[in-house]
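What's in start.cif: mmCIF, C-alpha atoms and all ligand atoms
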```cif
data_work
#
loop_
_atom_site.label_atom_id
_atom_site.label_comp_id
_atom_site.auth_asym_id
_atom_site.auth_seq_id
_atom_site.Cartn_x
_atom_site.Cartn_y
_atom_site.Cartn_z
CA MET A 1 3.45 -10.09 -18.54
CA ASN A 2 0.00 -8.50 -18.51
CA SER A 3 -3.06 -10.75 -18.48
CA SER A 4 -5.93 -10.00 -20.81
CA CYS A 5 -9.44 -9.31 -19.63
CA CYS A 6 -10.52 -12.82 -20.64
CA GLU A 7 -7.62 -14.50 -18.90
CA SER A 8 -8.62 -12.79 -15.69
CA GLN A 9 -11.88 -14.74 -15.63
CA ILE A 10 -10.17 -18.13 -15.95
CA VAL A 11 -9.45 -19.79 -12.64
CA PRO A 12 -6.56 -22.25 -13.10
CA GLU A 13 -6.73 -25.46 -11.09
CA ARG A 14 -4.05 -24.50 -8.57
CA THR A 15 -5.59 -21.12 -7.83
CA ILE A 16 -6.93 -20.56 -4.34
CA LEU A 17 -8.88 -17.34 -4.10
CA ALA A 18 -7.38 -15.05 -1.49
CA PRO A 19 -9.66 -14.79 1.55
CA ALA A 20 -11.67 -11.58 1.72
CA HIS A 21 -10.69 -9.13 4.42
CA GLU A 22 -12.26 -5.84 5.47
CA ILE A 23 -11.18 -3.23 7.98
CA ARG A 24 -13.14 -0.15 9.04
CA THR A 25 -11.42 2.91 10.47
CA GLY A 26 -12.86 6.28 11.44
CA ARG A 27 -13.22 7.52 7.85
CA LEU A 28 -12.23 4.60 5.65
CA VAL A 29 -13.16 1.10 4.56
CA LEU A 30 -10.23 -1.13 3.52
CA LYS A 31 -11.07 -4.32 1.69
CA SER A 32 -9.92 -6.93 -0.80
CA PRO A 33 -9.78 -5.04 -4.10
CA VAL A 34 -12.15 -7.29 -6.00
CA ASN A 35 -14.88 -4.84 -6.92
CA VAL A 36 -12.79 -1.80 -7.74
CA GLU A 37 -13.99 -0.11 -10.91
CA ILE A 38 -11.32 -0.48 -13.62
CA LYS A 39 -11.82 3.04 -15.03
CA ARG A 40 -11.60 4.64 -11.61
CA LEU A 41 -8.47 2.66 -10.66
CA ALA A 42 -6.78 3.50 -13.96
CA SER A 43 -7.66 7.19 -13.84
CA LEU A 44 -6.30 7.68 -10.29
CA ALA A 45 -3.22 5.51 -10.88
CA ASN A 46 -2.32 7.18 -14.17
CA ASN A 47 -0.29 9.86 -12.46
CA ARG A 48 3.46 10.30 -12.83
CA ALA A 49 3.73 11.76 -9.32
CA ILE A 50 2.46 8.43 -7.97
CA ALA A 51 4.31 6.07 -10.32
CA GLU A 52 7.70 7.73 -9.80
CA ASN A 53 7.46 6.99 -6.09
CA LEU A 54 6.70 3.29 -6.54
CA SER A 55 8.94 0.47 -7.76
CA THR A 56 6.60 -1.45 -10.01
CA MET A 57 3.81 0.88 -11.13
CA PRO A 58 3.94 1.55 -14.88
CA HIS A 59 3.41 5.00 -16.35
CA PRO A 60 1.26 5.71 -18.29
CA TYR A 61 -1.13 3.44 -16.40
CA THR A 62 -3.88 2.03 -18.62
CA GLU A 63 -7.15 0.23 -18.01
CA GLN A 64 -5.33 -2.93 -19.16
CA ASP A 65 -2.80 -2.37 -16.37
CA ALA A 66 -5.67 -2.02 -13.91
CA MET A 67 -7.30 -5.24 -15.16
CA SER A 68 -4.01 -7.15 -14.96
CA TRP A 69 -3.33 -5.90 -11.45
CA LEU A 70 -6.78 -6.89 -10.24
CA ALA A 71 -6.55 -10.29 -11.94
CA ASP A 72 -3.13 -10.91 -10.43
CA GLY A 73 -4.49 -10.22 -6.95
CA SER A 74 -7.19 -12.84 -7.24
CA LYS A 75 -4.61 -15.59 -7.75
CA ALA A 76 -3.05 -17.60 -4.97
CA ASP A 77 -0.58 -15.65 -2.88
CA LYS A 78 -1.46 -16.35 0.70
CA ASP A 79 1.38 -14.12 1.88
CA GLU A 80 0.24 -10.98 0.10
CA LYS A 81 -2.52 -8.78 1.48
CA ARG A 82 -3.98 -6.10 -0.74
CA PHE A 83 -6.56 -3.58 0.36
CA SER A 84 -8.40 -1.03 -1.71
CA ILE A 85 -8.99 2.14 0.29
CA HIS A 86 -12.47 3.67 0.16
CA LEU A 87 -14.05 6.65 1.86
CA ASP A 88 -16.63 5.40 4.36
CA ILE A 89 -19.53 7.26 2.78
CA PRO A 90 -22.62 5.81 1.05
CA ASP A 91 -20.94 5.14 -2.32
CA GLU A 92 -17.65 4.06 -0.70
CA ILE A 93 -15.54 6.05 -3.16
CA PHE A 94 -12.30 4.27 -4.05
CA ILE A 95 -9.24 6.45 -3.37
CA GLY A 96 -6.13 4.24 -3.29
CA ILE A 97 -4.33 1.00 -2.48
CA ILE A 98 -2.31 -0.34 0.42
CA SER A 99 -0.64 -3.75 0.52
CA TYR A 100 2.10 -5.83 2.02
CA ARG A 101 3.93 -8.87 0.69
CA PRO A 102 7.32 -10.53 1.13
CA SER A 103 9.88 -8.50 -0.80
CA LYS A 104 11.49 -11.81 -1.78
CA GLU A 105 10.74 -15.41 -0.87
CA GLY A 106 11.13 -15.79 2.88
CA GLY A 107 12.11 -12.11 3.14
CA PRO A 108 10.48 -9.41 5.25
CA PHE A 109 7.08 -8.03 4.31
CA GLU A 110 7.15 -4.76 2.38
CA LEU A 111 4.41 -2.19 3.01
CA VAL A 112 3.43 -0.23 -0.10
CA TYR A 113 0.67 2.34 -0.64
CA TRP A 114 -0.61 5.06 -2.87
CA ILE A 115 -3.54 7.45 -2.76
CA GLY A 116 -5.09 9.35 -5.67
CA GLU A 117 -3.67 12.86 -5.78
CA PRO A 118 -6.99 14.68 -5.09
CA TYR A 119 -7.01 12.89 -1.71
CA TRP A 120 -3.49 13.74 -0.56
CA ASP A 121 -2.88 15.53 2.73
CA TYR A 122 -6.12 14.57 4.45
CA GLY A 123 -4.39 12.01 6.65
CA TYR A 124 -6.01 9.10 4.78
CA THR A 125 -2.81 7.12 4.21
CA SER A 126 -1.74 7.46 7.83
CA GLU A 127 -5.17 6.22 8.91
CA ALA A 128 -5.09 3.30 6.45
CA ALA A 129 -1.48 2.39 7.24
CA ARG A 130 -2.10 2.30 11.01
CA ALA A 131 -5.04 -0.05 10.47
CA VAL A 132 -3.09 -2.32 8.11
CA VAL A 133 -0.11 -2.40 10.48
CA ASP A 134 -2.49 -3.50 13.26
CA PHE A 135 -3.98 -6.13 10.95
CA ALA A 136 -0.54 -7.43 9.91
CA PHE A 137 0.74 -7.87 13.46
CA GLU A 138 -2.46 -8.77 15.29
CA GLU A 139 -4.43 -10.81 12.74
CA ASP A 140 -1.84 -12.03 10.29
CA GLY A 141 1.11 -12.96 12.51
CA VAL A 142 3.62 -10.84 10.60
CA GLY A 143 6.99 -10.53 12.36
CA ILE A 144 8.40 -7.47 10.64
CA LEU A 145 7.20 -4.88 8.15
CA GLU A 146 9.62 -2.93 6.02
CA ALA A 147 9.05 0.01 3.69
CA GLY A 148 11.03 2.26 1.42
CA ALA A 149 10.56 5.88 0.49
CA ARG A 150 12.48 7.89 -2.09
CA ILE A 151 14.59 10.47 -0.32
CA THR A 152 12.43 13.17 -1.95
CA ASN A 153 9.21 11.59 -0.61
CA VAL A 154 8.62 13.54 2.59
CA ALA A 155 4.94 12.60 2.83
CA SER A 156 5.63 8.86 2.75
CA ARG A 157 8.41 9.15 5.31
CA ARG A 158 6.01 11.04 7.57
CA VAL A 159 3.37 8.31 7.21
CA LEU A 160 5.91 5.68 8.22
CA GLU A 161 7.13 7.73 11.19
CA LYS A 162 3.56 8.16 12.39
CA CYS A 163 3.10 4.38 12.24
CA GLY A 164 6.19 3.84 14.39
CA PHE A 165 8.63 2.65 11.72
CA GLU A 166 12.29 3.32 12.43
CA TYR A 167 14.96 4.36 9.98
CA LEU A 168 17.16 1.50 8.76
CA GLY A 169 19.42 3.26 6.31
CA PHE A 170 19.94 4.35 2.75
CA ALA A 171 19.38 2.10 -0.26
CA LYS A 172 18.77 2.33 -3.96
CA CYS A 173 15.55 1.04 -5.44
CA HIS A 174 14.39 0.60 -9.00
CA SER A 175 11.57 2.73 -10.38
CA LEU A 176 9.75 1.15 -13.31
CA ALA A 177 8.21 4.49 -14.33
CA LEU A 178 11.61 6.19 -14.42
CA ASP A 179 13.42 3.05 -15.57
CA GLU A 180 16.33 3.81 -13.25
CA GLU A 181 17.67 3.30 -9.76
CA VAL A 182 16.65 6.04 -7.33
CA PRO A 183 18.00 6.85 -3.87
CA ALA A 184 15.67 5.80 -1.09
CA ASP A 185 15.44 5.50 2.68
CA ARG A 186 14.55 2.17 4.25
CA PHE A 187 12.36 1.76 7.34
CA ALA A 188 11.22 -1.17 9.48
CA LEU A 189 8.71 -1.94 12.19
CA THR A 190 9.46 -5.10 14.15
CA ARG A 191 6.88 -6.94 16.21
CA PRO A 192 8.58 -6.09 19.57
CA ARG A 193 8.73 -2.41 18.61
CA TYR A 194 5.08 -2.53 17.49
CA MET A 195 4.03 -4.22 20.76
CA GLY A 196 5.96 -1.59 22.74
CA LEU A 197 4.29 1.25 20.89
CA LYS A 198 0.87 -0.34 21.39
CA TRP A 199 1.54 -0.85 25.07
CA ARG A 200 2.66 2.76 25.51
CA GLN A 201 -0.35 3.97 23.55
CA SER A 202 -2.80 1.93 25.66
CA THR A 203 -1.27 3.09 28.93
CA HIS A 204 -1.73 6.73 27.82
CA ASP A 205 -5.35 6.33 26.58
C1 LIG B 1 2.81 9.27 0.10
C2 LIG B 1 1.29 9.34 0.07
C3 LIG B 1 0.74 7.93 0.08
C4 LIG B 1 0.81 10.13 1.27
O1 LIG B 1 -0.59 10.08 1.31
P1 LIG B 1 -1.46 11.10 2.20
O2 LIG B 1 -2.80 10.49 2.35
O3 LIG B 1 -1.37 12.44 1.61
O4 LIG B 1 -0.68 11.03 3.59
P2 LIG B 1 -1.18 11.62 4.98
O5 LIG B 1 -2.06 12.80 4.71
O6 LIG B 1 -1.71 10.52 5.82
O7 LIG B 1 0.19 12.07 5.65
C5 LIG B 1 1.10 12.87 4.93
C6 LIG B 1 1.99 13.55 5.94
O8 LIG B 1 3.10 14.12 5.23
C7 LIG B 1 3.12 15.51 5.46
N1 LIG B 1 3.62 16.14 4.24
C8 LIG B 1 3.13 16.02 3.00
N2 LIG B 1 3.90 16.72 2.15
C9 LIG B 1 4.88 17.27 2.89
C10 LIG B 1 6.01 18.10 2.61
N3 LIG B 1 6.26 18.49 1.37
N4 LIG B 1 6.82 18.46 3.62
C11 LIG B 1 6.58 18.04 4.88
N5 LIG B 1 5.53 17.25 5.22
C12 LIG B 1 4.71 16.88 4.24
C13 LIG B 1 1.69 15.89 5.77
O9 LIG B 1 1.62 17.11 6.46
C14 LIG B 1 1.30 14.69 6.65
O10 LIG B 1 1.89 14.77 7.92
P3 LIG B 1 1.07 15.26 9.23
O11 LIG B 1 -0.11 14.35 9.34
O12 LIG B 1 2.05 15.12 10.32
O13 LIG B 1 0.66 16.67 8.95
C15 LIG B 1 0.78 10.03 -1.23
O14 LIG B 1 1.42 11.27 -1.34
C16 LIG B 1 1.07 9.21 -2.48
O15 LIG B 1 0.26 8.40 -2.87
N6 LIG B 1 2.23 9.46 -3.10
C17 LIG B 1 2.63 8.69 -4.30
C18 LIG B 1 2.92 7.22 -4.00
C19 LIG B 1 3.89 7.04 -2.85
O16 LIG B 1 4.75 7.88 -2.62
N7 LIG B 1 3.74 5.93 -2.12
C20 LIG B 1 4.65 5.64 -1.03
C21 LIG B 1 5.76 4.76 -1.45
S1 LIG B 1 5.53 3.16 -0.71
#
```
Would you kindly transcribe this structure into structure tokens?
Ligand SMILES: CC(C)(COP(=O)(O)OP(=O)(O)OC[C@H]1O[C@@H](n2cnc3c(N)ncnc32)[C@H](O)[C@@H]1OP(=O)(O)O)[C@@H](O)C(=O)NCCC(=O)NCCS
Amino acid sequence: MNSSCCESQIVPERTILAPAHEIRTGRLVLKSPVNVEIKRLASLANNRAIAENLSTMPHPYTEQDAMSWLADGSKADKDEKRFSIHLDIPDEIFIGIISYRPSKEGGPFELVYWIGEPYWDYGYTSEAARAVVDFAFEEDGVGILEAGARITNVASRRVLEKCGFEYLGFAKCHSLALDEEVPADRFALTRPRYMGLKWRQSTHD
């Protein structure tokens, strides 16, 4: 259920605010999405080409959806990490979201991301995903990251390959925007594989 704007300002007793985190890469700043402008988030997210590639993004995507999503992220979920992606320029323009959370209780962490369409194909997601993968394994003690990509989603598969994920197999996943099951490929990056890739990378630097 969506929260209203007012509800988002109420902090229930059990709520622990998620700790702030910030990562800087060559061109990007990734941080807890607390100060993302609602209008900007809604206008970039309101794109069928994005929603149809994600499991839980509604389409159309309204400012109410943006408010609910931001409010939801400020509640207690110590296992979920959400980052808003910004260009590292004076106004730190917001361009997308990357996150990971357990796909089900006790299950593996699922990496999910989207970038506003005007910013596709500049390598921004690959840059953000590499940094978040490093954060997950090196700062957050994650043991395995998994991700899914619709079989039609060549760009997402490429991002995962560039981050070292390996192909697990075929699966079906539900798309909220399409309201149907869609064929998808599953990928995983285990800690040992990540450490091996890092080691190989450092020995070739
Ligand atoms: C998938 C998505 C995040 C990629 O973002 P991006 O910032 O454009 O990704 P990058 O630029 O870092 O990398 C894209 C790669 O795919 C490649 N690519 C893109 N479209 C391609 C196509 N049609 N055929 C082959 N390669 C393609 C690019 O060339 C690039 O690879 P390269 O660096 O080796 O050249 C973006 O398209 C998006 O938000 N899509 C909708 C949401 C989504 O699919 N999320 C992923 C599901 S979890």
- Task: Would you please work out which residue, of A:Ala51, A:Val36, A:Ala136, A:Val182, is nearest to ligand LIG 1 (chain B) when using only C-alpha atoms and all ligand atoms?
- Result: A:Ala51
- At most 7 Å from ligand LIG 1 (chain B) (all atoms listed in the file): residue list as a VMD selection string: chain A and resid 49 to 51 53 to 54 111 to 117 119 to 127 147 to 149 153 to 156 158 to 159
- Task: Find the distance between atom CA of A:Val133 and atom CA of A:Arg150 and write it in Å to one decimal.
- Result: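 Here the two named atoms are 20.6 Å from each other.
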- In Å, rounded to a single decimal, give me how far atom CA of A:Thr190 is from atom CA of A:Pro33. 26.5 Å
- Hey, can you check how far atom CA of A:Arg157 sits from atom CA of A:Lys198?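 That distance, rounded to one decimal, is 20.1 Å.
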- List every protein, DNA or RNA residue that has at least one atom no more than 10 Å from (-14.1, 10.8, -10.3) in the file's coordinates, counting all atoms listed in the file, and write the result as a PyMOL selection string. chain A and resi 39-41+43-44+93-95+118
Box dimensions and centre (Å, one decimal) enclosing stretch 40-46 of chain A, axis-aligned, 4 Å extra per side, as AutoDock Vina command-line options:
```
--center_x -7.0 --center_y 5.2 --center_z -12.2 --size_x 17.3 --size_y 13.0 --size_z 11.9
```
- Pick the closest to A:Lys81 from A:Glu139, A:Glu180, A:Glu105, A:Glu37: which is it, counting only C-alpha atoms?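 The answer is A:Glu139, which sits nearest to A:Lys81.
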- Using only C-alpha atoms, the residue out of A:Val34, A:Ala188, A:Ala66, A:Ile23 with shortest distance to A:Ile144 is A:Ala188
- Residue nearest A:Ser99 - candidates A:Asn47, A:Ser175, A:Ser32, A:Gln201, atoms counted: all atoms listed in the file: A:Ser32
- Task: Using only C-alpha atoms, find the one residue out of A:Lys104, A:Arg200, A:His86, A:His174 that sits nearest to A:Leu28.
- Result: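 Among A:Lys104, A:Arg200, A:His86, A:His174, it is A:His86 that comes nearest to A:Leu28.
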From the block you just saw, export stretch 14-123 of chain A: C-alpha atoms, as an mmCIF file, in the first residue's frame.
```
data_model
loop_
_atom_site.group_PDB
_atom_site.id
_atom_site.type_symbol
_atom_site.label_atom_id
_atom_site.label_comp_id
_atom_site.auth_asym_id
_atom_site.auth_seq_id
_atom_site.Cartn_x
_atom_site.Cartn_y
_atom_site.Cartn_z
ATOM 1 C CA ARG A 14 10.174 0.873 16.097
ATOM 2 C CA THR A 15 11.702 2.742 13.180
ATOM 3 C CA ILE A 16 15.471 2.992 13.064
ATOM 4 C CA LEU A 17 16.624 5.381 10.381
ATOM 5 C CA ALA A 18 18.893 3.617 7.911
ATOM 6 C CA PRO A 19 22.489 4.816 8.291
ATOM 7 C CA ALA A 20 23.597 7.281 5.620
ATOM 8 C CA HIS A 21 26.119 6.008 3.122
ATOM 9 C CA GLU A 22 27.934 7.792 0.308
ATOM 10 C CA ILE A 23 30.264 6.531 -2.383
ATOM 11 C CA ARG A 24 32.188 8.632 -4.901
ATOM 12 C CA THR A 25 33.348 7.198 -8.210
ATOM 13 C CA GLY A 26 35.057 8.905 -11.135
ATOM 14 C CA ARG A 27 31.899 10.637 -12.394
ATOM 15 C CA LEU A 28 29.205 9.821 -9.853
ATOM 16 C CA VAL A 29 28.076 10.320 -6.279
ATOM 17 C CA LEU A 30 25.975 7.484 -4.812
ATOM 18 C CA LYS A 31 24.157 8.204 -1.582
ATOM 19 C CA SER A 32 21.176 7.399 0.604
ATOM 20 C CA PRO A 33 18.206 8.696 -1.384
ATOM 21 C CA VAL A 34 16.879 11.037 1.266
ATOM 22 C CA ASN A 35 17.092 14.354 -0.541
ATOM 23 C CA VAL A 36 16.008 13.298 -4.005
ATOM 24 C CA GLU A 37 13.545 15.760 -5.494
ATOM 25 C CA ILE A 38 10.136 14.072 -5.835
ATOM 26 C CA LYS A 39 9.319 15.688 -9.204
ATOM 27 C CA ARG A 40 12.664 14.723 -10.683
ATOM 28 C CA LEU A 41 12.411 11.122 -9.430
ATOM 29 C CA ALA A 42 8.862 10.779 -10.753
ATOM 30 C CA SER A 43 9.638 12.301 -14.134
ATOM 31 C CA LEU A 44 12.639 10.014 -14.789
ATOM 32 C CA ALA A 45 10.920 6.903 -13.391
ATOM 33 C CA ASN A 46 7.716 7.457 -15.339
ATOM 34 C CA ASN A 47 9.006 5.574 -18.349
ATOM 35 C CA ARG A 48 7.567 2.309 -19.633
ATOM 36 C CA ALA A 49 10.964 1.237 -20.983
ATOM 37 C CA ILE A 50 12.279 1.309 -17.408
ATOM 38 C CA ALA A 51 9.247 -0.131 -15.612
ATOM 39 C CA GLU A 52 8.894 -3.101 -17.976
ATOM 40 C CA ASN A 53 12.403 -4.208 -17.061
ATOM 41 C CA LEU A 54 11.811 -4.108 -13.308
ATOM 42 C CA SER A 55 9.678 -6.364 -11.109
ATOM 43 C CA THR A 56 8.047 -3.870 -8.800
ATOM 44 C CA MET A 57 8.075 -0.458 -10.483
ATOM 45 C CA PRO A 58 4.558 0.743 -11.296
ATOM 46 C CA HIS A 59 3.690 2.403 -14.598
ATOM 47 C CA PRO A 60 2.567 5.147 -14.874
ATOM 48 C CA TYR A 61 4.844 6.304 -12.053
ATOM 49 C CA THR A 62 3.416 9.268 -10.148
ATOM 50 C CA GLU A 63 4.791 11.744 -7.636
ATOM 51 C CA GLN A 64 2.816 9.786 -5.010
ATOM 52 C CA ASP A 65 4.757 6.661 -6.017
ATOM 53 C CA ALA A 66 7.995 8.617 -5.622
ATOM 54 C CA MET A 67 6.950 9.869 -2.166
ATOM 55 C CA SER A 68 5.954 6.374 -1.045
ATOM 56 C CA TRP A 69 9.201 4.878 -2.286
ATOM 57 C CA LEU A 70 11.286 7.492 -0.497
ATOM 58 C CA ALA A 71 9.246 7.136 2.699
ATOM 59 C CA ASP A 72 9.578 3.360 2.588
ATOM 60 C CA GLY A 73 13.359 3.651 2.351
ATOM 61 C CA SER A 74 13.619 5.715 5.504
ATOM 62 C CA LYS A 75 12.065 2.933 7.581
ATOM 63 C CA ALA A 76 14.013 0.200 9.291
ATOM 64 C CA ASP A 77 15.466 -2.359 6.910
ATOM 65 C CA LYS A 78 19.044 -2.824 7.922
ATOM 66 C CA ASP A 79 19.543 -5.375 5.161
ATOM 67 C CA GLU A 80 18.529 -3.118 2.294
ATOM 68 C CA LYS A 81 20.906 -0.561 0.826
ATOM 69 C CA ARG A 82 19.524 2.045 -1.541
ATOM 70 C CA PHE A 83 21.617 4.589 -3.371
ATOM 71 C CA SER A 84 20.482 7.470 -5.511
ATOM 72 C CA ILE A 85 22.889 8.029 -8.393
ATOM 73 C CA HIS A 86 23.979 11.598 -9.102
ATOM 74 C CA LEU A 87 26.377 13.126 -11.584
ATOM 75 C CA ASP A 88 29.393 14.472 -9.690
ATOM 76 C CA ILE A 89 28.975 18.039 -10.906
ATOM 77 C CA PRO A 90 28.110 21.151 -8.868
ATOM 78 C CA ASP A 91 24.336 20.531 -8.717
ATOM 79 C CA GLU A 92 24.761 16.751 -8.343
ATOM 80 C CA ILE A 93 22.008 15.985 -10.854
ATOM 81 C CA PHE A 94 19.999 12.901 -9.880
ATOM 82 C CA ILE A 95 19.955 10.285 -12.666
ATOM 83 C CA GLY A 96 18.854 6.936 -11.213
ATOM 84 C CA ILE A 97 18.738 4.358 -8.435
ATOM 85 C CA ILE A 98 20.735 1.295 -7.481
ATOM 86 C CA SER A 99 19.960 -0.972 -4.530
ATOM 87 C CA TYR A 100 20.336 -4.411 -3.069
ATOM 88 C CA ARG A 101 18.204 -6.303 -0.569
ATOM 89 C CA PRO A 102 17.428 -9.914 0.292
ATOM 90 C CA SER A 103 15.036 -11.261 -2.334
ATOM 91 C CA LYS A 104 13.267 -13.113 0.488
ATOM 92 C CA GLU A 105 13.980 -13.433 4.197
ATOM 93 C CA GLY A 106 17.377 -15.063 4.622
ATOM 94 C CA GLY A 107 17.711 -15.315 0.829
ATOM 95 C CA PRO A 108 20.490 -13.921 -1.352
ATOM 96 C CA PHE A 109 20.774 -10.197 -1.965
ATOM 97 C CA GLU A 110 19.272 -8.983 -5.235
ATOM 98 C CA LEU A 111 20.972 -6.126 -7.096
ATOM 99 C CA VAL A 112 18.522 -3.832 -8.904
ATOM 100 C CA TYR A 113 19.121 -0.586 -10.796
ATOM 101 C CA TRP A 114 17.676 1.858 -13.245
ATOM 102 C CA ILE A 115 18.923 5.015 -14.907
ATOM 103 C CA GLY A 116 16.826 7.762 -16.519
ATOM 104 C CA GLU A 117 16.677 7.192 -20.260
ATOM 105 C CA PRO A 118 18.518 10.423 -21.254
ATOM 106 C CA TYR A 119 21.534 9.003 -19.382
ATOM 107 C CA TRP A 120 21.661 5.550 -20.956
ATOM 108 C CA ASP A 121 24.779 4.305 -22.712
ATOM 109 C CA TYR A 122 27.283 6.562 -20.986
ATOM 110 C CA GLY A 123 28.573 3.745 -18.796
#
```
